[in-house]
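data16.txt (compact mmCIF, C-alpha atoms and all ligand atoms)
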# COMPACT_ATOMS: atom_id res chain seq x y z
CA MET A 1 65.29 147.97 21.93
CA THR A 2 62.40 149.81 23.58
CA ASP A 3 59.14 148.58 25.00
CA THR A 4 57.14 150.38 22.31
CA SER A 5 58.84 148.55 19.46
CA LEU A 6 58.54 145.30 21.41
CA SER A 7 54.79 145.60 21.89
CA LYS A 8 54.37 146.73 18.29
CA LEU A 9 56.27 143.67 17.11
CA GLN A 10 54.34 141.52 19.52
CA HIS A 11 51.13 142.24 17.69
CA GLU A 12 52.55 141.43 14.29
CA PHE A 13 54.11 138.20 15.47
CA CYS A 14 50.85 136.91 16.88
CA LEU A 15 49.40 137.33 13.46
CA LYS A 16 52.43 136.55 11.26
CA PRO A 17 54.80 133.97 12.70
CA THR A 18 56.80 134.18 9.47
CA GLN A 19 58.13 137.53 10.66
CA ALA A 20 59.66 136.06 13.81
CA ASP A 21 63.08 137.12 12.53
CA GLY A 22 62.07 140.67 13.33
CA LEU A 23 62.60 139.85 17.01
CA ARG A 24 66.21 139.10 16.29
CA ILE A 25 66.64 142.41 14.46
CA ILE A 26 65.86 144.28 17.69
CA THR A 27 69.20 143.15 19.07
CA ASN A 28 71.23 144.11 16.01
CA ASP A 29 72.68 147.21 17.62
CA SER A 30 73.73 145.46 20.82
CA SER A 31 77.29 145.32 19.43
CA ASN A 32 77.46 149.08 20.11
CA VAL A 33 76.53 148.42 23.72
CA PHE A 34 79.20 145.72 23.99
CA GLU A 35 81.79 148.13 22.59
CA ALA A 36 80.81 150.77 25.15
CA ILE A 37 81.04 148.21 27.97
CA GLU A 38 84.45 147.07 26.72
CA LYS A 39 85.68 150.69 26.74
CA GLY A 40 84.32 151.13 30.25
CA GLN A 41 86.13 148.00 31.41
CA GLN A 42 89.42 149.22 29.94
CA PHE A 43 88.94 152.53 31.73
CA VAL A 44 88.19 150.78 35.04
CA THR A 45 91.22 148.51 34.56
CA ILE A 46 93.59 151.44 34.07
CA ALA A 47 92.12 153.23 37.10
CA ALA A 48 92.49 150.05 39.18
CA MET A 49 96.15 149.75 38.09
CA ASP A 50 96.77 153.36 39.19
CA HIS A 51 95.20 152.72 42.61
CA GLU A 52 97.17 149.49 43.00
CA GLU A 53 100.38 151.38 42.29
CA LEU A 54 99.47 153.75 45.16
CA ASN A 55 98.51 150.78 47.37
CA ASN A 56 95.02 152.19 47.73
CA LYS A 57 93.25 148.90 48.52
CA GLU A 58 89.80 150.42 49.04
CA LYS A 59 89.82 152.11 45.65
CA VAL A 60 91.06 148.91 43.98
CA ALA A 61 88.16 147.05 45.61
CA ALA A 62 85.75 149.73 44.33
CA MET A 63 87.16 149.33 40.79
CA ASP A 64 86.78 145.57 41.16
CA ALA A 65 83.11 146.04 42.02
CA ASN A 66 82.69 148.39 39.03
CA PHE A 67 84.28 145.85 36.73
CA LYS A 68 81.92 143.15 37.96
CA GLU A 69 78.92 145.44 37.48
CA LEU A 70 79.95 145.98 33.88
CA MET A 71 80.22 142.22 33.46
CA ASP A 72 76.70 141.85 34.86
CA LEU A 73 75.47 144.46 32.42
CA GLU A 74 77.23 142.74 29.54
CA ASN A 75 75.59 139.49 30.56
CA ARG A 76 72.17 141.13 30.73
CA VAL A 77 72.50 142.52 27.20
CA ARG A 78 73.69 139.14 25.95
CA ASN A 79 70.74 137.48 27.66
CA GLN A 80 68.35 139.89 25.96
CA THR A 81 69.67 138.68 22.61
CA LEU A 82 69.39 135.03 23.66
CA THR A 83 65.88 135.61 24.98
CA LEU A 84 64.63 137.30 21.82
CA ASN A 85 66.24 134.59 19.69
CA ALA A 86 64.60 131.87 21.79
CA LEU A 87 61.21 133.57 21.48
CA SER A 88 61.72 134.02 17.77
CA ASP A 89 62.31 130.25 17.48
CA ARG A 90 59.20 129.48 19.53
CA ILE A 91 57.03 131.72 17.35
CA LYS A 92 58.49 130.17 14.20
CA ALA A 93 57.67 126.75 15.60
CA GLY A 94 54.03 127.87 15.64
CA GLU A 95 53.55 128.86 19.28
CA LYS A 96 50.82 131.49 19.64
CA ILE A 97 52.09 134.17 21.97
CA LYS A 98 49.53 136.82 22.93
CA ASP A 99 51.59 139.06 25.19
CA ILE A 100 55.23 138.70 24.35
CA MET A 101 56.33 140.40 27.57
CA VAL A 102 55.13 137.39 29.60
CA PRO A 103 57.42 134.77 28.02
CA TYR A 104 60.09 137.46 27.55
CA LYS A 105 60.30 138.03 31.29
CA GLN A 106 60.16 134.29 32.00
CA VAL A 107 63.00 133.41 29.63
CA GLN A 108 65.08 136.45 30.62
CA LYS A 109 64.71 135.46 34.28
CA LEU A 110 65.94 131.93 33.51
CA PHE A 111 69.11 133.33 31.93
CA GLU A 112 69.59 135.89 34.73
CA ASP A 113 69.17 133.25 37.45
CA LYS A 114 71.66 130.98 35.74
CA TRP A 115 74.22 133.83 35.82
CA ASN A 116 73.49 134.97 39.36
CA ASP A 117 73.41 131.46 40.84
CA ASN A 118 76.91 130.71 39.63
CA ASP A 119 79.31 131.69 42.46
CA LYS A 120 82.25 131.40 40.12
CA ARG A 121 80.77 133.52 37.34
CA TYR A 122 83.57 136.10 37.56
CA ASN A 123 86.47 133.79 38.40
CA VAL A 124 85.87 131.52 35.42
CA SER A 125 85.78 134.47 33.04
CA ASP A 126 88.91 135.20 31.01
CA LYS A 127 87.95 138.85 31.02
CA TYR A 128 87.89 139.05 34.80
CA SER A 129 91.09 137.07 35.25
CA THR A 130 92.84 139.39 32.76
CA PHE A 131 91.59 142.34 34.82
CA ARG A 132 93.00 140.78 38.01
CA GLN A 133 96.23 139.86 36.24
CA ASN A 134 96.71 143.50 35.17
CA ILE A 135 96.37 144.62 38.80
CA TRP A 136 98.56 141.78 40.08
CA ASN A 137 101.36 142.64 37.63
CA ILE A 138 101.75 146.15 39.10
CA HIS A 139 103.61 144.75 42.10
CA HIS A 140 104.62 141.41 40.52
CA PRO A 141 105.65 142.41 36.99
CA ASP A 142 107.05 139.06 35.90
CA GLU A 143 104.95 136.64 37.89
CA ILE A 144 102.00 134.50 37.08
CA MET A 145 99.00 135.48 39.16
CA PRO A 146 97.88 132.81 41.65
CA SER A 147 94.61 131.18 40.69
CA LEU A 148 91.46 133.14 41.53
CA ASP A 149 89.84 129.85 42.42
CA GLU A 150 91.12 128.75 45.84
CA ASN A 151 90.19 125.13 45.23
CA GLU A 152 92.06 124.85 42.01
CA ASP A 153 94.93 122.37 41.66
CA ASP A 154 98.48 123.69 41.72
CA ASP A 155 99.02 122.12 38.33
CA ILE A 156 96.40 124.32 36.80
CA VAL A 157 97.90 127.41 38.44
CA MET A 158 101.30 126.53 37.02
CA GLY A 159 99.72 125.96 33.65
CA SER A 160 98.10 129.40 33.42
CA THR A 161 99.72 131.57 30.80
CA LYS A 162 101.59 134.76 31.51
CA ILE A 163 100.47 137.69 29.43
CA SER A 164 103.50 138.79 27.47
CA LEU A 165 104.10 142.47 26.83
CA ARG A 166 106.12 141.59 23.78
CA CYS A 167 104.55 140.99 20.40
CA PRO A 168 104.77 137.27 19.57
CA LEU A 169 105.42 138.22 15.94
CA THR A 170 108.14 140.88 16.36
CA THR A 171 109.34 139.84 19.88
CA ALA A 172 109.76 143.60 20.52
CA TRP A 173 107.57 145.57 22.96
CA LEU A 174 103.96 145.59 21.80
CA GLU A 175 103.34 148.64 19.60
CA ASP A 176 99.81 149.88 19.04
CA PRO A 177 98.59 146.56 20.47
CA VAL A 178 95.44 144.90 19.17
CA THR A 179 93.76 141.93 20.84
CA SER A 180 91.63 139.32 19.10
CA ASN A 181 88.17 139.40 20.63
CA ILE A 182 87.91 135.69 19.87
CA CYS A 183 91.04 134.16 21.47
CA LYS A 184 92.27 137.23 23.46
CA HIS A 185 95.81 137.03 22.06
CA THR A 186 97.57 140.35 21.52
CA PHE A 187 99.88 141.55 18.74
CA SER A 188 101.49 144.74 17.49
CA ARG A 189 99.01 146.13 15.01
CA ALA A 190 101.40 146.54 12.07
CA ALA A 191 102.79 142.99 12.47
CA ILE A 192 99.44 141.19 12.53
CA ILE A 193 97.97 143.38 9.78
CA ASN A 194 100.99 142.60 7.64
CA LEU A 195 100.54 138.87 8.28
CA LEU A 196 96.83 139.13 7.42
CA ARG A 197 97.67 140.95 4.20
CA GLN A 198 100.09 138.19 3.18
CA SER A 199 97.51 135.52 4.00
CA GLY A 200 94.52 136.87 2.14
CA GLY A 201 92.76 138.47 5.11
CA SER A 202 92.45 135.47 7.41
CA VAL A 203 95.09 133.53 9.31
CA PRO A 204 95.14 130.94 12.13
CA CYS A 205 96.28 132.61 15.38
CA PRO A 206 100.12 132.46 15.43
CA ILE A 207 100.19 131.58 19.15
CA PRO A 208 101.21 127.91 19.51
CA GLY A 209 98.27 125.81 20.65
CA CYS A 210 95.68 128.41 19.63
CA ASN A 211 93.92 127.45 16.43
CA LYS A 212 91.33 130.22 16.40
CA GLN A 213 91.07 132.10 13.12
CA ILE A 214 92.10 135.77 13.05
CA VAL A 215 90.52 138.31 10.71
CA ASN A 216 90.81 142.10 10.63
CA LEU A 217 87.38 142.60 12.21
CA CYS A 218 88.16 140.63 15.37
CA LEU A 219 91.17 142.83 16.26
CA ILE A 220 90.34 145.42 18.92
CA ALA A 221 92.64 148.26 20.04
CA ASP A 222 93.83 147.36 23.55
CA ASP A 223 94.28 150.45 25.74
CA THR A 224 95.01 148.36 28.83
CA MET A 225 97.92 146.71 27.06
CA VAL A 226 99.23 150.14 25.93
CA GLU A 227 99.22 151.16 29.58
CA ARG A 228 100.98 147.98 30.74
CA VAL A 229 103.69 148.29 28.09
CA ARG A 230 104.22 151.94 29.03
CA ARG A 231 104.70 151.02 32.70
CA ALA A 232 106.97 148.05 31.94
CA ARG A 233 109.16 150.15 29.63
CA GLU A 234 109.44 152.88 32.27
CA ARG A 235 110.46 150.27 34.83
CA ASP A 236 113.03 148.81 32.42
CA GLU A 237 114.52 152.22 31.66
CA LEU A 238 114.69 153.02 35.35
CA ASN A 239 116.47 149.72 36.03
CA ALA A 240 118.85 150.34 33.13
CA SER A 241 119.77 153.83 34.34
CA THR A 242 120.29 152.57 37.91
CA THR A 243 122.56 149.82 36.61
CA GLN A 244 124.50 152.35 34.53
CA PHE A 245 124.94 154.55 37.58
CA PHE A 246 126.43 151.70 39.57
CA ASP A 247 128.54 150.53 36.61
CA VAL A 248 130.27 153.92 36.53
CA ASP A 249 131.08 153.48 40.20
ZN ZN B 301 94.97 133.06 19.69
As structure tokens, what does this structure read like?
Amino acid sequence: MTDTSLSKLQHEFCLKPTQADGLRIITNDSSNVFEAIEKGQQFVTIAAMDHEELNNKEKVAAMDANFKELMDLENRVRNQTLTLNALSDRIKAGEKIKDIMVPYKQVQKLFEDKWNDNDKRYNVSDKYSTFRQNIWNIHHPDEIMPSLDENEDDDIVMGSTKISLRCPLTTAWLEDPVTSNICKHTFSRAAIINLLRQSGGSVPCPIPGCNKQIVNLCLIADDTMVERVRRARERDELNASTTQFFDVD
């Protein structure tokens, strides 16, 4: 991860291209970084939902900027992995690299430029649109968020899926929700774990039209969803008690 280990490796790789895989090993712990970023994004999402509830537009905008910064960071870490993998391939292919930092910076810059030059980099991301959807649903609980892309066809807007707060397996409110980090579908933990147990540890995603495979490891606790279910249930109970009050009358 650090410059010292990089330059140390650099020397070995010049001499022993067979050890190019070592470059890939440097990025092995990046999954911890991704987890930390994910946690940070959930935290920012919940804060943004709170500010939206209070109609504090400036604070929501600040949270939006924070969320995007975390996405940039996530992209940078991912690019580091891609860069080191690309260099590892080049060394394996017999390229003699004297100072690894030179091609490292070149390749890293290519990936960074590709990210920064894309105006739609946030809007096309499922992660960002889920973030916006969570904010949108504060004041529009049962509505599909309008497309983030102004030029998008109406058809596509109509086709976007509403995030359900009910477990597709139990049809009850999501309980201890977990989201697949592969297809982003959410389930009550006990229900999906039970299904996995019955299916030998791996099952195609039960959402119609999604054929991604689900395994235990891809299920991540979803704090944002916990928060959304809590708010929706509160709203439901409030509506129910108001109805009751008028029924008595
Ligand atoms: Zn799915």
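Minimum atom-to-atom distances from A:Met145, A:Ile207, A:Ile192, A:Ala240 to Ile220 of chain A were compared using only C-alpha atoms, and the lowest value belongs to A:Ile192.
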Enumerate, in order of chain and increasing residue number, the residues of chain A with an atom no farther than 8 Å from ligand ZN 301 (chain B), each with its shortest atom pair and distance in Å to one decimal, counting only C-alpha atoms and all ligand atoms, as a tab-separated table.
residue	atom	partner	partner_atom	distance
A:Ser180	CA	B:ZN301	ZN	7.1
A:Ile182	CA	B:ZN301	ZN	7.5
A:Cys183	CA	B:ZN301	ZN	4.5
A:Lys184	CA	B:ZN301	ZN	6.2
A:His185	CA	B:ZN301	ZN	4.7
A:Thr186	CA	B:ZN301	ZN	8.0
A:Pro204	CA	B:ZN301	ZN	7.9
A:Cys205	CA	B:ZN301	ZN	4.5
A:Pro206	CA	B:ZN301	ZN	6.7
A:Ile207	CA	B:ZN301	ZN	5.5
A:Cys210	CA	B:ZN301	ZN	4.7
A:Asn211	CA	B:ZN301	ZN	6.6
A:Lys212	CA	B:ZN301	ZN	5.7
A:Gln213	CA	B:ZN301	ZN	7.7
A:Ile214	CA	B:ZN301	ZN	7.7
Output file for the residues above (C-alpha atoms, as an mmCIF file, keeping the file's coordinate frame):
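Saved file selection24.cif follows:
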data_model
loop_
_atom_site.group_PDB
_atom_site.id
_atom_site.type_symbol
_atom_site.label_atom_id
_atom_site.label_comp_id
_atom_site.auth_asym_id
_atom_site.auth_seq_id
_atom_site.Cartn_x
_atom_site.Cartn_y
_atom_site.Cartn_z
ATOM 1 C CA SER A 180 91.630 139.320 19.100
ATOM 2 C CA ILE A 182 87.910 135.690 19.870
ATOM 3 C CA CYS A 183 91.040 134.160 21.470
ATOM 4 C CA LYS A 184 92.270 137.230 23.460
ATOM 5 C CA HIS A 185 95.810 137.030 22.060
ATOM 6 C CA THR A 186 97.570 140.350 21.520
ATOM 7 C CA PRO A 204 95.140 130.940 12.130
ATOM 8 C CA CYS A 205 96.280 132.610 15.380
ATOM 9 C CA PRO A 206 100.120 132.460 15.430
ATOM 10 C CA ILE A 207 100.190 131.580 19.150
ATOM 11 C CA CYS A 210 95.680 128.410 19.630
ATOM 12 C CA ASN A 211 93.920 127.450 16.430
ATOM 13 C CA LYS A 212 91.330 130.220 16.400
ATOM 14 C CA GLN A 213 91.070 132.100 13.120
ATOM 15 C CA ILE A 214 92.100 135.770 13.050
#
Around (60.4, 132.9, 22.9) in the file's own coordinates, what residues are found within 10 Å if you use only C-alpha atoms, given back as a ChimeraX atom specification?
/A:20,23,82-93,95,97,100-108
Choose the residue, out of A:Gln42, A:Asn79, A:Asn123, A:Asn194, that has the smallest atom-to-atom separation from Arg228 of chain A; count all atoms listed in the file.
A:Gln42
Just the residues within 12 Å of Leu195 of chain A, please, counting all atoms listed in the file, with nothing from its chain fewer than 4 positions along; format it as a PyMOL selection string.
chain A and resi 169-170+187-191+199-206+214-216
Skip Arg132 of chain A itself and residues of its chain fewer than 3 positions away, then list as a ChimeraX atom specification all residues within 12 Å of it, counting all atoms listed in the file.
/A:41,44-46,48-49,52,60-61,63-65,67-68,122-129,135-138,140,144-148,163
Sphere at (80.3, 148.2, 28.2), radius 10 Å, counting all atoms listed in the file: residues as number ranges by chain:
A: 31-42, 67, 69-74, 77
With distances taken over all atoms listed in the file, which residue among A:Asn116, A:Gln80, A:Thr171, A:Asn181 lies nearest Asp29 of chain A?
A:Gln80
One number please: atom CA of Leu54 of chain A to atom CA of Ala232 of chain A, in Å, one decimal.
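We find that atom CA of Leu54 of chain A and atom CA of Ala232 of chain A lie 16.2 Å from each other.
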